[in-house]
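Structure file data_30.pdb (PDB, C-alpha atoms) is printed below.
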ATOM      1  CA  MET T  12     108.080  84.692 111.502
ATOM      2  CA  ALA T  13     109.756  86.889 108.908
ATOM      3  CA  VAL T  14     110.536  90.396 110.055
ATOM      4  CA  LEU T  15     109.095  93.126 107.845
ATOM      5  CA  GLN T  16     111.716  95.609 106.717
ATOM      6  CA  ALA T  17     110.052  98.995 107.150
ATOM      7  CA  GLU T  18     110.157 101.344 104.211
ATOM      8  CA  THR T  19     110.306 104.970 105.298
ATOM      9  CA  ASP T  20     108.832 106.590 102.187
ATOM     10  CA  LEU T  21     105.657 105.078 100.703
ATOM     11  CA  ARG T  22     105.097 107.794  98.095
ATOM     12  CA  LYS T  23     106.603 105.610  95.364
ATOM     13  CA  GLY T  24     103.250 103.973  94.653
ATOM     14  CA  LYS T  25     101.433 105.283  91.590
ATOM     15  CA  PRO T  26      98.038 106.634  92.729
ATOM     16  CA  ARG T  27      95.136 104.369  91.822
ATOM     17  CA  TYR T  28      91.803 105.963  91.012
ATOM     18  CA  VAL T  29      89.093 104.850  88.612
ATOM     19  CA  VAL T  30      87.219 107.508  86.649
ATOM     20  CA  MET T  31      83.915 107.322  84.804
ATOM     21  CA  SER T  32      82.650 109.355  81.881
ATOM     22  CA  MET T  33      79.801 111.656  82.817
ATOM     23  CA  GLN T  34      76.475 111.867  81.040
ATOM     24  CA  ARG T  35      76.993 115.590  80.820
ATOM     25  CA  ASN T  36      78.763 118.326  82.734
ATOM     26  CA  LEU T  37      76.491 120.275  85.014
ATOM     27  CA  THR T  38      77.092 123.980  85.380
ATOM     28  CA  ALA T  39      78.380 125.466  88.623
ATOM     29  CA  THR T  40      74.899 126.860  89.259
ATOM     30  CA  GLU T  41      73.277 123.449  88.790
ATOM     31  CA  LEU T  42      75.801 121.864  91.115
ATOM     32  CA  GLY T  43      75.270 124.536  93.755
ATOM     33  CA  ASN T  44      71.498 124.209  93.579
ATOM     34  CA  MET T  45      71.688 120.435  93.903
ATOM     35  CA  VAL T  46      73.813 120.716  97.026
ATOM     36  CA  ARG T  47      71.677 123.427  98.630
ATOM     37  CA  GLN T  48      68.339 121.896  97.741
ATOM     38  CA  VAL T  49      69.117 118.222  98.231
ATOM     39  CA  VAL T  50      65.909 116.438  99.128
ATOM     40  CA  PHE T  51      65.736 113.080 100.853
ATOM     41  CA  ARG T  52      64.283 110.494  98.499
ATOM     42  CA  PRO T  53      63.404 107.141 100.084
ATOM     43  CA  GLU T  54      65.699 104.443  98.763
ATOM     44  CA  GLU T  55      65.189 101.884 101.516
ATOM     45  CA  SER T  56      63.663  99.374  99.123
ATOM     46  CA  MET T  57      66.758  99.641  96.920
ATOM     47  CA  ILE T  58      69.308  99.086  99.666
ATOM     48  CA  LYS T  59      70.264  95.537 100.596
ATOM     49  CA  ASN T  60      69.098  95.352 104.193
ATOM     50  CA  SER T  61      70.230  92.686 106.617
ATOM     51  CA  SER T  62      68.275  91.391 109.596
ATOM     52  CA  ARG T  63      71.528  90.494 111.334
ATOM     53  CA  LEU T  64      72.720  92.982 113.936
ATOM     54  CA  GLN T  65      76.114  94.452 113.061
ATOM     55  CA  THR T  66      78.709  93.711 115.691
ATOM     56  CA  VAL T  67      79.905  96.768 117.618
ATOM     57  CA  LEU T  68      83.660  96.587 117.997
ATOM     58  CA  PRO T  69      85.043  96.782 121.536
ATOM     59  CA  LEU T  70      87.222  99.758 120.671
ATOM     60  CA  ASN T  71      85.363 102.623 119.038
ATOM     61  CA  VAL T  72      86.757 106.058 118.418
ATOM     62  CA  ARG T  73      84.896 109.046 119.772
ATOM     63  CA  LEU T  74      85.470 112.554 118.508
ATOM     64  CA  GLN T  75      87.018 115.162 120.757
ATOM     65  CA  ASN T  76      85.363 118.571 120.871
ATOM     66  CA  HIS T  77      88.043 120.230 118.751
ATOM     67  CA  ALA T  78      87.310 117.762 115.920
ATOM     68  CA  LEU T  79      83.770 119.013 115.509
ATOM     69  CA  ARG T  80      84.859 122.061 113.539
ATOM     70  CA  PHE T  81      84.579 120.923 109.932
ATOM     71  CA  ASN T  82      87.202 122.411 107.666
ATOM     72  CA  SER T  83      87.393 121.066 104.107
ATOM     73  CA  GLY T  84      90.766 120.212 102.639
ATOM     74  CA  ALA T  85      92.561 120.200 105.998
ATOM     75  CA  ILE T  86      95.634 118.265 107.084
ATOM     76  CA  ALA T  87      94.704 115.627 109.665
ATOM     77  CA  TYR T  88      96.269 115.600 113.105
ATOM     78  CA  ARG T  89      97.805 112.438 114.566
ATOM     79  CA  GLY T  90      95.192 109.986 115.726
ATOM     80  CA  GLN T  91      92.272 111.767 114.054
ATOM     81  CA  PHE T  92      91.611 108.813 111.729
ATOM     82  CA  PRO T  93      93.186 105.821 113.511
ATOM     83  CA  TRP T  94      91.536 103.362 111.118
ATOM     84  CA  GLN T  95      93.199 104.929 108.062
ATOM     85  CA  ALA T  96      95.432 102.570 106.091
ATOM     86  CA  ALA T  97      97.964 103.302 103.366
ATOM     87  CA  ILE T  98      98.347 100.397 100.936
ATOM     88  CA  VAL T  99     101.125  99.880  98.373
ATOM     89  CA  ILE T 100     100.117  97.228  95.841
ATOM     90  CA  ASP T 101     102.709  95.161  93.971
ATOM     91  CA  ASP T 102     105.357  97.689  94.994
ATOM     92  CA  SER T 103     104.024 100.019  92.307
ATOM     93  CA  SER T 104     100.586 101.508  93.030
ATOM     94  CA  PHE T 105      98.834 103.128  95.972
ATOM     95  CA  CYS T 106      95.369 102.903  97.574
ATOM     96  CA  GLY T 107      93.746 103.754 100.867
ATOM     97  CA  GLY T 108      91.785 101.536 103.204
ATOM     98  CA  ALA T 109      90.117 101.290 106.608
ATOM     99  CA  LEU T 110      91.123  98.957 109.422
ATOM    100  CA  ILE T 111      88.050  97.058 110.666
ATOM    101  CA  SER T 112      89.615  94.487 113.032
ATOM    102  CA  ASN T 113      92.954  93.155 114.255
ATOM    103  CA  TYR T 114      93.539  91.259 111.003
ATOM    104  CA  TRP T 115      91.500  92.927 108.249
ATOM    105  CA  VAL T 116      91.540  96.144 106.200
ATOM    106  CA  LEU T 117      88.527  97.154 104.116
ATOM    107  CA  THR T 118      89.288  98.686 100.718
ATOM    108  CA  ALA T 119      88.113  98.770  97.087
ATOM    109  CA  ALA T 120      88.193  95.597  94.998
ATOM    110  CA  HIS T 121      89.854  97.494  92.144
ATOM    111  CA  CYS T 122      92.880  97.929  94.451
ATOM    112  CA  ARG T 123      93.673  94.239  94.120
ATOM    113  CA  GLY T 124      97.112  92.921  93.264
ATOM    114  CA  ASN T 125      99.509  90.182  94.277
ATOM    115  CA  THR T 126     101.366  91.798  97.176
ATOM    116  CA  TYR T 127     100.273  94.369  99.746
ATOM    117  CA  TYR T 128     102.341  96.592 102.009
ATOM    118  CA  VAL T 129     100.172  98.339 104.608
ATOM    119  CA  ARG T 130     100.983 101.239 106.910
ATOM    120  CA  LEU T 131      98.707 101.928 109.889
ATOM    121  CA  GLY T 132      98.649 104.714 112.466
ATOM    122  CA  ALA T 133     100.384 107.184 110.171
ATOM    123  CA  ASN T 134      99.825 110.717 108.958
ATOM    124  CA  ARG T 135     102.993 110.961 106.893
ATOM    125  CA  LEU T 136     104.100 108.722 104.049
ATOM    126  CA  ASP T 137     107.605 110.133 103.722
ATOM    127  CA  ILE T 138     108.790 109.336 107.255
ATOM    128  CA  GLN T 139     108.280 106.598 109.834
ATOM    129  CA  GLU T 140     106.293 108.192 112.678
ATOM    130  CA  TYR T 141     106.220 107.069 116.280
ATOM    131  CA  GLY T 142     103.238 104.761 116.827
ATOM    132  CA  SER T 143     102.848 103.791 113.165
ATOM    133  CA  LEU T 144     103.084 100.185 112.000
ATOM    134  CA  ASP T 145     104.102  98.629 108.696
ATOM    135  CA  VAL T 146     102.744  95.180 107.976
ATOM    136  CA  THR T 147     102.363  92.989 104.909
ATOM    137  CA  GLY T 148      99.024  91.793 103.632
ATOM    138  CA  ARG T 149      98.716  88.069 102.953
ATOM    139  CA  TYR T 150      95.891  88.178 100.415
ATOM    140  CA  MET T 151      92.744  89.998  99.300
ATOM    141  CA  GLU T 152      89.198  88.682  99.299
ATOM    142  CA  THR T 153      86.845  90.536  96.972
ATOM    143  CA  TYR T 154      83.093  90.650  97.316
ATOM    144  CA  PRO T 155      81.416  87.916  95.225
ATOM    145  CA  GLY T 156      80.174  89.303  91.958
ATOM    146  CA  TYR T 157      82.746  92.067  91.722
ATOM    147  CA  ASN T 158      82.689  93.417  88.170
ATOM    148  CA  PRO T 159      85.853  95.378  87.283
ATOM    149  CA  THR T 160      84.345  96.750  84.084
ATOM    150  CA  LEU T 161      81.237  98.272  85.662
ATOM    151  CA  LEU T 162      82.768  98.557  89.155
ATOM    152  CA  LEU T 163      79.869  96.638  90.645
ATOM    153  CA  ASN T 164      80.442  95.360  94.199
ATOM    154  CA  ASP T 165      83.706  97.302  94.348
ATOM    155  CA  ILE T 166      84.686  96.293  97.862
ATOM    156  CA  ALA T 167      87.268  93.916  99.337
ATOM    157  CA  VAL T 168      89.243  93.050 102.446
ATOM    158  CA  ILE T 169      92.976  92.487 102.883
ATOM    159  CA  ARG T 170      94.180  89.916 105.435
ATOM    160  CA  LEU T 171      97.122  91.240 107.434
ATOM    161  CA  SER T 172     100.052  88.967 108.204
ATOM    162  CA  GLN T 173      99.929  89.656 111.944
ATOM    163  CA  CYS T 174      97.484  90.571 114.691
ATOM    164  CA  VAL T 175      97.469  94.353 115.013
ATOM    165  CA  GLN T 176      97.292  95.755 118.532
ATOM    166  CA  PHE T 177      95.040  98.782 118.948
ATOM    167  CA  THR T 178      96.513 102.023 120.272
ATOM    168  CA  SER T 179      95.635 105.717 120.278
ATOM    169  CA  TYR T 180      96.985 105.841 116.704
ATOM    170  CA  ILE T 181      95.666 102.501 115.429
ATOM    171  CA  ALA T 182      92.027 101.501 115.939
ATOM    172  CA  PRO T 183      89.227  99.981 113.846
ATOM    173  CA  ALA T 184      86.529 102.022 112.176
ATOM    174  CA  ARG T 185      83.062 101.733 113.663
ATOM    175  CA  LEU T 186      80.547 100.149 111.292
ATOM    176  CA  PRO T 187      76.897 101.201 110.917
ATOM    177  CA  ASN T 188      74.380  99.526 113.189
ATOM    178  CA  ARG T 189      71.182  97.784 112.139
ATOM    179  CA  LEU T 190      69.086 100.932 112.472
ATOM    180  CA  GLN T 191      71.416 102.835 110.141
ATOM    181  CA  GLN T 192      71.151 100.321 107.319
ATOM    182  CA  SER T 193      68.249 102.157 105.695
ATOM    183  CA  GLU T 194      69.978 105.555 105.796
ATOM    184  CA  THR T 195      70.860 107.077 102.417
ATOM    185  CA  PHE T 196      72.972 109.865 103.980
ATOM    186  CA  ALA T 197      71.597 112.251 101.366
ATOM    187  CA  GLY T 198      71.972 115.812 102.613
ATOM    188  CA  GLU T 199      74.371 114.744 105.377
ATOM    189  CA  THR T 200      77.893 116.085 105.859
ATOM    190  CA  LEU T 201      80.368 113.267 105.292
ATOM    191  CA  ARG T 202      84.133 113.199 105.696
ATOM    192  CA  VAL T 203      86.621 111.497 103.375
ATOM    193  CA  SER T 204      90.328 111.093 104.119
ATOM    194  CA  GLY T 205      93.418 109.971 102.270
ATOM    195  CA  TRP T 206      96.763 110.776 100.661
ATOM    196  CA  GLY T 207      95.443 111.435  97.157
ATOM    197  CA  ILE T 208      97.064 113.981  94.862
ATOM    198  CA  ILE T 209      96.045 117.537  95.686
ATOM    199  CA  SER T 210      95.376 118.664  92.102
ATOM    200  CA  ASP T 211      94.716 117.201  88.678
ATOM    201  CA  SER T 212      98.213 118.235  87.622
ATOM    202  CA  GLY T 213      99.832 116.305  90.475
ATOM    203  CA  SER T 214     101.801 113.168  89.724
ATOM    204  CA  GLY T 215     102.222 111.474  93.086
ATOM    205  CA  VAL T 216     100.366 110.970  96.334
ATOM    206  CA  SER T 217     100.580 113.615  99.033
ATOM    207  CA  PRO T 218     102.990 113.004 101.928
ATOM    208  CA  ASP T 219     100.350 114.248 104.393
ATOM    209  CA  LEU T 220      97.058 112.629 105.345
ATOM    210  CA  ALA T 221      94.283 115.094 104.532
ATOM    211  CA  TYR T 222      90.510 115.147 104.782
ATOM    212  CA  SER T 223      87.625 116.953 103.171
ATOM    213  CA  ASP T 224      83.975 117.412 104.011
ATOM    214  CA  ILE T 225      81.506 116.580 101.282
ATOM    215  CA  ILE T 226      77.729 116.293 101.179
ATOM    216  CA  GLY T 227      75.757 113.166 100.394
ATOM    217  CA  ILE T 228      73.372 113.251  97.441
ATOM    218  CA  THR T 229      70.699 110.789  96.392
ATOM    219  CA  ASN T 230      71.406 108.028  93.923
ATOM    220  CA  TYR T 231      68.630 109.523  91.820
ATOM    221  CA  ASP T 232      70.604 112.757  91.459
ATOM    222  CA  CYS T 233      73.873 110.889  90.943
ATOM    223  CA  THR T 234      72.503 109.046  87.918
ATOM    224  CA  ARG T 235      72.278 112.445  86.193
ATOM    225  CA  PHE T 236      76.077 112.306  86.146
ATOM    226  CA  TYR T 237      76.978 108.640  85.759
ATOM    227  CA  GLY T 238      73.845 106.911  84.517
ATOM    228  CA  LYS T 239      73.721 103.136  84.973
ATOM    229  CA  ALA T 240      77.061 103.094  86.793
ATOM    230  CA  ILE T 241      75.108 104.143  89.882
ATOM    231  CA  THR T 242      73.521 101.104  91.505
ATOM    232  CA  PRO T 243      71.738 100.792  94.865
ATOM    233  CA  SER T 244      74.990  99.702  96.521
ATOM    234  CA  LYS T 245      76.692 102.967  95.576
ATOM    235  CA  LEU T 246      76.678 106.098  97.753
ATOM    236  CA  CYS T 247      77.355 109.448  96.091
ATOM    237  CA  ALA T 248      78.621 112.707  97.497
ATOM    238  CA  THR T 249      79.773 116.033  96.105
ATOM    239  CA  ALA T 250      82.008 118.801  97.394
ATOM    240  CA  PHE T 251      81.187 122.103  99.044
ATOM    241  CA  ASN T 252      84.163 123.904  97.496
ATOM    242  CA  ASP T 253      85.756 121.566  94.952
ATOM    243  CA  ASP T 254      87.752 119.679  97.620
ATOM    244  CA  THR T 255      87.028 116.049  96.831
ATOM    245  CA  THR T 256      88.747 112.715  96.258
ATOM    246  CA  CYS T 257      91.411 112.254  93.617
ATOM    247  CA  HIS T 258      94.050 109.806  92.391
ATOM    248  CA  GLY T 259      95.439 107.874  95.343
ATOM    249  CA  ASP T 260      92.277 108.078  97.436
ATOM    250  CA  ALA T 261      90.786 104.882  95.953
ATOM    251  CA  GLY T 262      89.709 102.393  98.599
ATOM    252  CA  GLY T 263      89.795 105.036 101.311
ATOM    253  CA  PRO T 264      87.154 105.579 104.016
ATOM    254  CA  LEU T 265      84.107 107.853 104.005
ATOM    255  CA  VAL T 266      82.699 108.493 107.479
ATOM    256  CA  PHE T 267      79.599 110.064 108.986
ATOM    257  CA  PHE T 268      79.539 111.891 112.323
ATOM    258  CA  ASP T 269      76.566 110.457 114.221
ATOM    259  CA  ARG T 270      74.570 111.898 117.106
ATOM    260  CA  GLY T 271      76.519 109.804 119.594
ATOM    261  CA  GLY T 272      79.734 111.636 118.725
ATOM    262  CA  TYR T 273      81.309 108.847 116.688
ATOM    263  CA  TYR T 274      82.653 108.525 113.186
ATOM    264  CA  ILE T 275      80.748 105.757 111.372
ATOM    265  CA  LEU T 276      82.260 104.133 108.278
ATOM    266  CA  VAL T 277      79.649 104.465 105.518
ATOM    267  CA  GLY T 278      81.600 104.324 102.267
ATOM    268  CA  ILE T 279      84.733 103.159 100.433
ATOM    269  CA  VAL T 280      86.038 105.320  97.552
ATOM    270  CA  SER T 281      85.110 103.627  94.265
ATOM    271  CA  PHE T 282      85.328 106.110  91.375
ATOM    272  CA  GLY T 283      85.248 109.760  90.398
ATOM    273  CA  SER T 284      84.693 111.859  87.312
ATOM    274  CA  LYS T 285      86.780 111.593  84.161
ATOM    275  CA  SER T 286      86.495 115.383  83.945
ATOM    276  CA  GLY T 287      88.912 115.774  86.832
ATOM    277  CA  CYS T 288      89.092 116.124  90.585
ATOM    278  CA  GLN T 289      88.885 119.907  90.931
ATOM    279  CA  PHE T 290      85.389 120.612  89.686
ATOM    280  CA  GLY T 291      83.291 119.371  92.594
ATOM    281  CA  ASN T 292      81.733 116.569  90.545
ATOM    282  CA  PRO T 293      80.153 113.730  92.524
ATOM    283  CA  VAL T 294      82.251 110.842  93.746
ATOM    284  CA  ALA T 295      80.837 107.324  94.000
ATOM    285  CA  PHE T 296      81.548 105.141  97.030
ATOM    286  CA  SER T 297      80.743 101.530  97.754
ATOM    287  CA  ARG T 298      77.912 101.796 100.285
ATOM    288  CA  VAL T 299      79.045  99.960 103.421
ATOM    289  CA  THR T 300      75.484  99.330 104.607
ATOM    290  CA  SER T 301      74.859  97.296 101.455
ATOM    291  CA  PHE T 302      77.642  94.875 102.385
ATOM    292  CA  LEU T 303      77.316  94.586 106.168
ATOM    293  CA  THR T 304      76.392  90.903 106.189
ATOM    294  CA  TRP T 305      79.497  90.100 104.141
ATOM    295  CA  ILE T 306      81.776  92.426 106.155
ATOM    296  CA  LYS T 307      80.655  91.227 109.601
ATOM    297  CA  PRO T 308      82.810  88.051 109.838
ATOM    298  CA  TYR T 309      85.937  90.089 109.088
ATOM    299  CA  ALA T 310      85.097  92.757 111.681
ATOM    300  CA  ILE T 311      85.160  90.451 114.701
TER     301      ILE T 311
END

Represent the supplied structure as structure tokens.
Amino acid sequence: MAVLQAETDLRKGKPRYVVMSMQRNLTATELGNMVRQVVFRPEESMIKNSSRLQTVLPLNVRLQNHALRFNSGAIAYRGQFPWQAAIVIDDSSFCGGALISNYWVLTAAHCRGNTYYVRLGANRLDIQEYGSLDVTGRYMETYPGYNPTLLLNDIAVIRLSQCVQFTSYIAPARLPNRLQQSETFAGETLRVSGWGIISDSGSGVSPDLAYSDIIGITNYDCTRFYGKAITPSKLCATAFNDDTTCHGDAGGPLVFFDRGGYYILVGIVSFGSKSGCQFGNPVAFSRVTSFLTWIKPYAI
């Protein structure tokens, strides 16, 4: 077996992030009202439900008490997001991802390339931390029907070249269960993490893993921004205080804190607004519950 030569600094990758033109720019007042007055609209009939029970992984990560204090735009502490993956594609561009088993990382299909260099268990990209692991990805499998023009079915998995052992720094994300498949997560506080640039004027990914809390909105409301780009298999969220995803966050995980005290993986970063990252505009994610049947074989 070839030995992977670890690269200390992964910031060389150009941040990947797809942006969509908006139907129109909503005012700050309109945005605020939408967040404060978000109303649950039933979308169960629109979501692709599966009768197959989602496998619960043997190692699931439970939140500690000190992690319950939500603080948007914060730097993550070691082990807070042990499923977080940093992916360098073709030695030139950068995406995020979520570990879902010993061999597979879930990410966005638009992060595809020919070669993949994956770092797990890390908070920093500029140094090699104790407990982190660098591994190559053998290949990517995209969801059937992926459309790169419309970003339909924008979800994929990367096969790692070796079996990854779980530790306190490296562990798979917990997937939604069967009862959560009809949830829209509208009005819920969600948490997104990644190394994306910290401002629209930034040129490279951040060296530090950060996270932000955003609120889910209905697909009905999201179509006011992006029109037909919003399909039933998309999940939209907007920011409390303009802290949202940006270039370099593509493919990264969106999680929901459930009543059992666990982070549940509910979305994969798909695209944001062409207007920029600092205006609190909605971000569209690939809705994990829409793809559970396809994801399940990779999560065992």

Next item on the list: For Ala261 in chain T, please output as a list in words all residues within 10 Å (counting only C-alpha atoms; exclusion window: fewer than 6 positions along the same chain).
Entry: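 The filter keeps Pro26, Arg27, Tyr28, Val29, Phe105, Cys106, Gly107, Gly108, Thr118, Ala119, Ala120, His121, Cys122, Gly205, Trp206, Gly207, Ile279, Val280, Ser281, Phe282, Gly283 and Phe296 of chain T.
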
Residues as selected, C-alpha atoms, written as a PDB file, keeping the file's coordinate frame, can you do that?
ATOM      1  CA  PRO T  26      98.038 106.634  92.729  1.00  0.00           C
ATOM      2  CA  ARG T  27      95.136 104.369  91.822  1.00  0.00           C
ATOM      3  CA  TYR T  28      91.803 105.963  91.012  1.00  0.00           C
ATOM      4  CA  VAL T  29      89.093 104.850  88.612  1.00  0.00           C
ATOM      5  CA  PHE T 105      98.834 103.128  95.972  1.00  0.00           C
ATOM      6  CA  CYS T 106      95.369 102.903  97.574  1.00  0.00           C
ATOM      7  CA  GLY T 107      93.746 103.754 100.867  1.00  0.00           C
ATOM      8  CA  GLY T 108      91.785 101.536 103.204  1.00  0.00           C
ATOM      9  CA  THR T 118      89.288  98.686 100.718  1.00  0.00           C
ATOM     10  CA  ALA T 119      88.113  98.770  97.087  1.00  0.00           C
ATOM     11  CA  ALA T 120      88.193  95.597  94.998  1.00  0.00           C
ATOM     12  CA  HIS T 121      89.854  97.494  92.144  1.00  0.00           C
ATOM     13  CA  CYS T 122      92.880  97.929  94.451  1.00  0.00           C
ATOM     14  CA  GLY T 205      93.418 109.971 102.270  1.00  0.00           C
ATOM     15  CA  TRP T 206      96.763 110.776 100.661  1.00  0.00           C
ATOM     16  CA  GLY T 207      95.443 111.435  97.157  1.00  0.00           C
ATOM     17  CA  ILE T 279      84.733 103.159 100.433  1.00  0.00           C
ATOM     18  CA  VAL T 280      86.038 105.320  97.552  1.00  0.00           C
ATOM     19  CA  SER T 281      85.110 103.627  94.265  1.00  0.00           C
ATOM     20  CA  PHE T 282      85.328 106.110  91.375  1.00  0.00           C
ATOM     21  CA  GLY T 283      85.248 109.760  90.398  1.00  0.00           C
ATOM     22  CA  PHE T 296      81.548 105.141  97.030  1.00  0.00           C
TER      23      PHE T 296
END

Next item on the list: Name the residues that the PyMOL selection byres ((chain T and resi 242) around 10) pulls out of this structure, and write them as a VMD selection string.
Entry: chain T and resid 57 to 58 162 to 164 230 to 231 233 to 234 238 to 241 243 to 246 295 297 to 298

Check: In Å, how far is it from CA of Thr304 in chain T to CA of Val116 in chain T?
Finding: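 Atom-to-atom, CA of Thr304 in chain T and CA of Val116 in chain T are spaced 16.0 Å apart.
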
Check: Quick one, how far is CA of Arg89 in chain T from CA of Leu117 in chain T?
Finding: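 A separation of 20.7 Å between them.
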
Which range 113-167 of chain T residues have any atom within 12 Å of an atom of range 306-310 of chain T, and for each, what is the nearest pair of atoms with distance in Å to one decimal, counting only C-alpha atoms, rows sorted by chain and number, as CSV?
residue,atom,partner,partner_atom,distance
T:Asn113,CA,T:Ala310,CA,8.3
T:Tyr114,CA,T:Tyr309,CA,7.9
T:Trp115,CA,T:Tyr309,CA,6.3
T:Val116,CA,T:Tyr309,CA,8.7
T:Leu117,CA,T:Ile306,CA,8.5
T:Thr118,CA,T:Ile306,CA,11.2
T:Met151,CA,T:Tyr309,CA,11.9
T:Glu152,CA,T:Tyr309,CA,10.4
T:Thr153,CA,T:Ile306,CA,10.7
T:Tyr154,CA,T:Ile306,CA,9.1
T:Pro155,CA,T:Ile306,CA,11.8
T:Ile166,CA,T:Ile306,CA,9.6
T:Ala167,CA,T:Ile306,CA,8.9

Notebook entry, point to check: Near range 199-201 of chain T, within 6 Å and counting only C-alpha atoms, which residues show up once chain neighbours fewer than 5 positions away are dropped, as a PyMOL selection string?
Noted result: chain T and resi 224-227+266-267

Next item on the list: Taking the file above as input, evaluate the PyMOL selection byres ((chain T and resi 150) around 6) and report the hits as JSON, numbers by chain.
Entry: {"T": [148, 149, 151, 169, 170]}

Residues near Pro183 in chain T, cut-off 6 Å, all atoms listed in the file, skip fewer than 3 positions along chain, as a tab-separated table (two decimals) with C-alpha atoms, in the frame of the given file:
chain	number	residue	atom	x	y	z
T	94	TRP	CA	91.54	103.36	111.12
T	110	LEU	CA	91.12	98.96	109.42
T	111	ILE	CA	88.05	97.06	110.67
T	112	SER	CA	89.62	94.49	113.03

Check: Could you spell out the hits of the PyMOL selection byres ((chain T and resi 300) around 10) on the shown file, as a VMD selection string?
Finding: chain T and resid 58 to 61 65 186 to 189 191 to 195 244 to 246 276 to 278 297 to 299 301 to 304 306

Note to self: I'd like the neighbourhood of Thr178 in chain T as a count of residues only, where a residue qualifies if any of its atoms comes within 9 Å (using all atoms listed in the file), though same-chain residues fewer than 2 positions away should be ignored.
What the structure shows: 7

Notebook entry, point to check: For Asp137 in chain T, which residue among T:Val216, T:Leu161, T:Ile86, T:Gly272 is the nearest when counting all atoms listed in the file?
Noted result: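 For Asp137 in chain T, the nearest of the given residues is T:Val216.
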
Check: Nearest to Ala184 in chain T: which of T:Gln95, T:Val203, T:Ala197, T:Asp219 is it, counting only C-alpha atoms?
Finding: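 Closest to Ala184 in chain T, using only C-alpha atoms: T:Gln95.
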
Item checked: Between CA of Ala96 in chain T and CA of Gly124 in chain T, distance in Å (one decimal) ->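 About the pair CA of Ala96 in chain T and CA of Gly124 in chain T: they are 16.1 Å apart.
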
Next item on the list: Please provide as a list of chain:residue names all residues within 8 Å of Pro293 in chain T, with the sequence filter that same-chain residues fewer than 6 positions apart are discarded (counting only C-alpha atoms).
Entry: T:Cys233, T:Phe236, T:Cys247, T:Ala248, T:Thr249, T:Ala250, T:Gly283, T:Ser284

Check: For Tyr237 in chain T, which residue among T:Ser179, T:Asn134, T:Ser217, T:Asn292 is the nearest when counting all atoms listed in the file?
Finding: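 Answer, going by the shortest atom-to-atom distance: T:Asn292.
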